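Asks: Let me give you the structure first, and then I'll get to my questions.
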Amino acid sequence: MVEPPAPAAPVDAGSLLGACAVALDALRERRPLVQCLTNQVTVAVVADVLLAGGASPVMASAPGEAQELAGSADAMLVNLGTMPADHRATVPGAVEAACAAGVPWTLDPVGVGALSS
């Protein structure tokens, strides 16, 4: 049987705020290129949030370009909700390219399983 993790120690709000400020400063200094394979509902919001944070979003999801960018980006986001079939088909190749290049990526499985197809 796997033991559950120990409860986290309480975090001081001031320390958390300071850590967030340091992380935001580092993000703005680096200006990472983030490849976004996201659903059509959130494209503008995701791009705006990344821009506001200091990142440089790329919403390239066409076959071929998604894989190429995933291998050279600083990070990648994959959001599967309401994604058109041709864009969804680019996800496995983009994830493979990101993994091969050591690019960190995040999967947001929003809406997966909500429909029969």
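For the structure tokens, the naming scheme is as follows: chains receive sequential letters (A, B, ...) according to their order of presentation, residues are indexed from 1 within each chain, and ligands are indexed from 1 in presentation order.
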Restrict the calculation to only C-alpha atoms, then for each residue of region 73-105 of chain A with any atom at most 6 Å from an atom of region 11-34 of chain A give the closest atom pair and their distance in Å to one decimal, rows by chain and rising residue number, as JSON lines.

Replies:
{"residue": "A:Ala73", "atom": "CA", "partner": "A:Leu33", "partner_atom": "CA", "distance": 5.3}
{"residue": "A:Asp74", "atom": "CA", "partner": "A:Leu33", "partner_atom": "CA", "distance": 5.2}
{"residue": "A:Ala75", "atom": "CA", "partner": "A:Val34", "partner_atom": "CA", "distance": 4.8}
{"residue": "A:Met76", "atom": "CA", "partner": "A:Val34", "partner_atom": "CA", "distance": 5.3}

Asks: With all heavy atoms kept, could you save the residues just selected as an mmCIF file, in the first residue's frame?

Replies:
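Result saved to again_11.cif:
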data_model
loop_
_atom_site.group_PDB
_atom_site.id
_atom_site.type_symbol
_atom_site.label_atom_id
_atom_site.label_comp_id
_atom_site.auth_asym_id
_atom_site.auth_seq_id
_atom_site.Cartn_x
_atom_site.Cartn_y
_atom_site.Cartn_z
ATOM 1 N N ALA A 73 10.947 25.274 -28.588
ATOM 2 C CA ALA A 73 10.361 26.195 -27.612
ATOM 3 C C ALA A 73 11.021 26.010 -26.244
ATOM 4 O O ALA A 73 11.756 25.051 -26.018
ATOM 5 C CB ALA A 73 8.854 25.942 -27.505
ATOM 6 N N ASP A 74 10.740 26.932 -25.348
ATOM 7 C CA ASP A 74 11.219 26.812 -23.969
ATOM 8 C C ASP A 74 10.250 26.003 -23.117
ATOM 9 O O ASP A 74 10.625 25.461 -22.085
ATOM 10 C CB ASP A 74 11.405 28.199 -23.349
ATOM 11 C CG ASP A 74 12.509 28.977 -24.027
ATOM 12 O OD1 ASP A 74 13.646 28.468 -24.086
ATOM 13 O OD2 ASP A 74 12.238 30.087 -24.534
ATOM 14 N N ALA A 75 8.983 25.943 -23.546
ATOM 15 C CA ALA A 75 7.955 25.182 -22.833
ATOM 16 C C ALA A 75 6.784 24.969 -23.788
ATOM 17 O O ALA A 75 6.686 25.645 -24.814
ATOM 18 C CB ALA A 75 7.488 25.938 -21.592
ATOM 19 N N MET A 76 5.904 24.035 -23.430
ATOM 20 C CA MET A 76 4.742 23.774 -24.263
ATOM 21 C C MET A 76 3.527 23.493 -23.390
ATOM 22 O O MET A 76 3.630 22.836 -22.353
ATOM 23 C CB MET A 76 4.989 22.576 -25.190
ATOM 24 C CG MET A 76 3.834 22.318 -26.153
ATOM 25 S SD MET A 76 4.185 21.051 -27.394
ATOM 26 C CE MET A 76 4.187 19.574 -26.404
#

Asks: Write out as a PyMOL selection string the residues lying within 12 Å of Val112 (chain A), counting only C-alpha atoms and excluding same-chain residues fewer than 5 positions away.

Replies: chain A and resi 39+79-83+88+107+117

Asks: Give me the residues within 12 Å of Ala70 (chain A) as a PyMOL selection string, counting only C-alpha atoms and dropping any in the same chain fewer than 5 places off.

Replies: chain A and resi 33-37+57-65+75-78+90-106

Asks: Based on DSSP run over this structure's backbone, return all residues of region 50-90 of chain A in strand (DSSP E or B), as a list in words.

Replies: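 Taking region 50-90 of chain A and keeping strand (DSSP E or B) only, one gets Ser56, Pro57, Val58, Ala75, Met76, Leu77, Val78 and Asn79 of chain A.
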
Asks: Out of region 39-116 of chain A, which residues get helix (DSSP H, G or I) from DSSP, as a VMD selection string?

Replies: chain A and resid 43 to 53 65 to 72 85 to 88 91 to 101
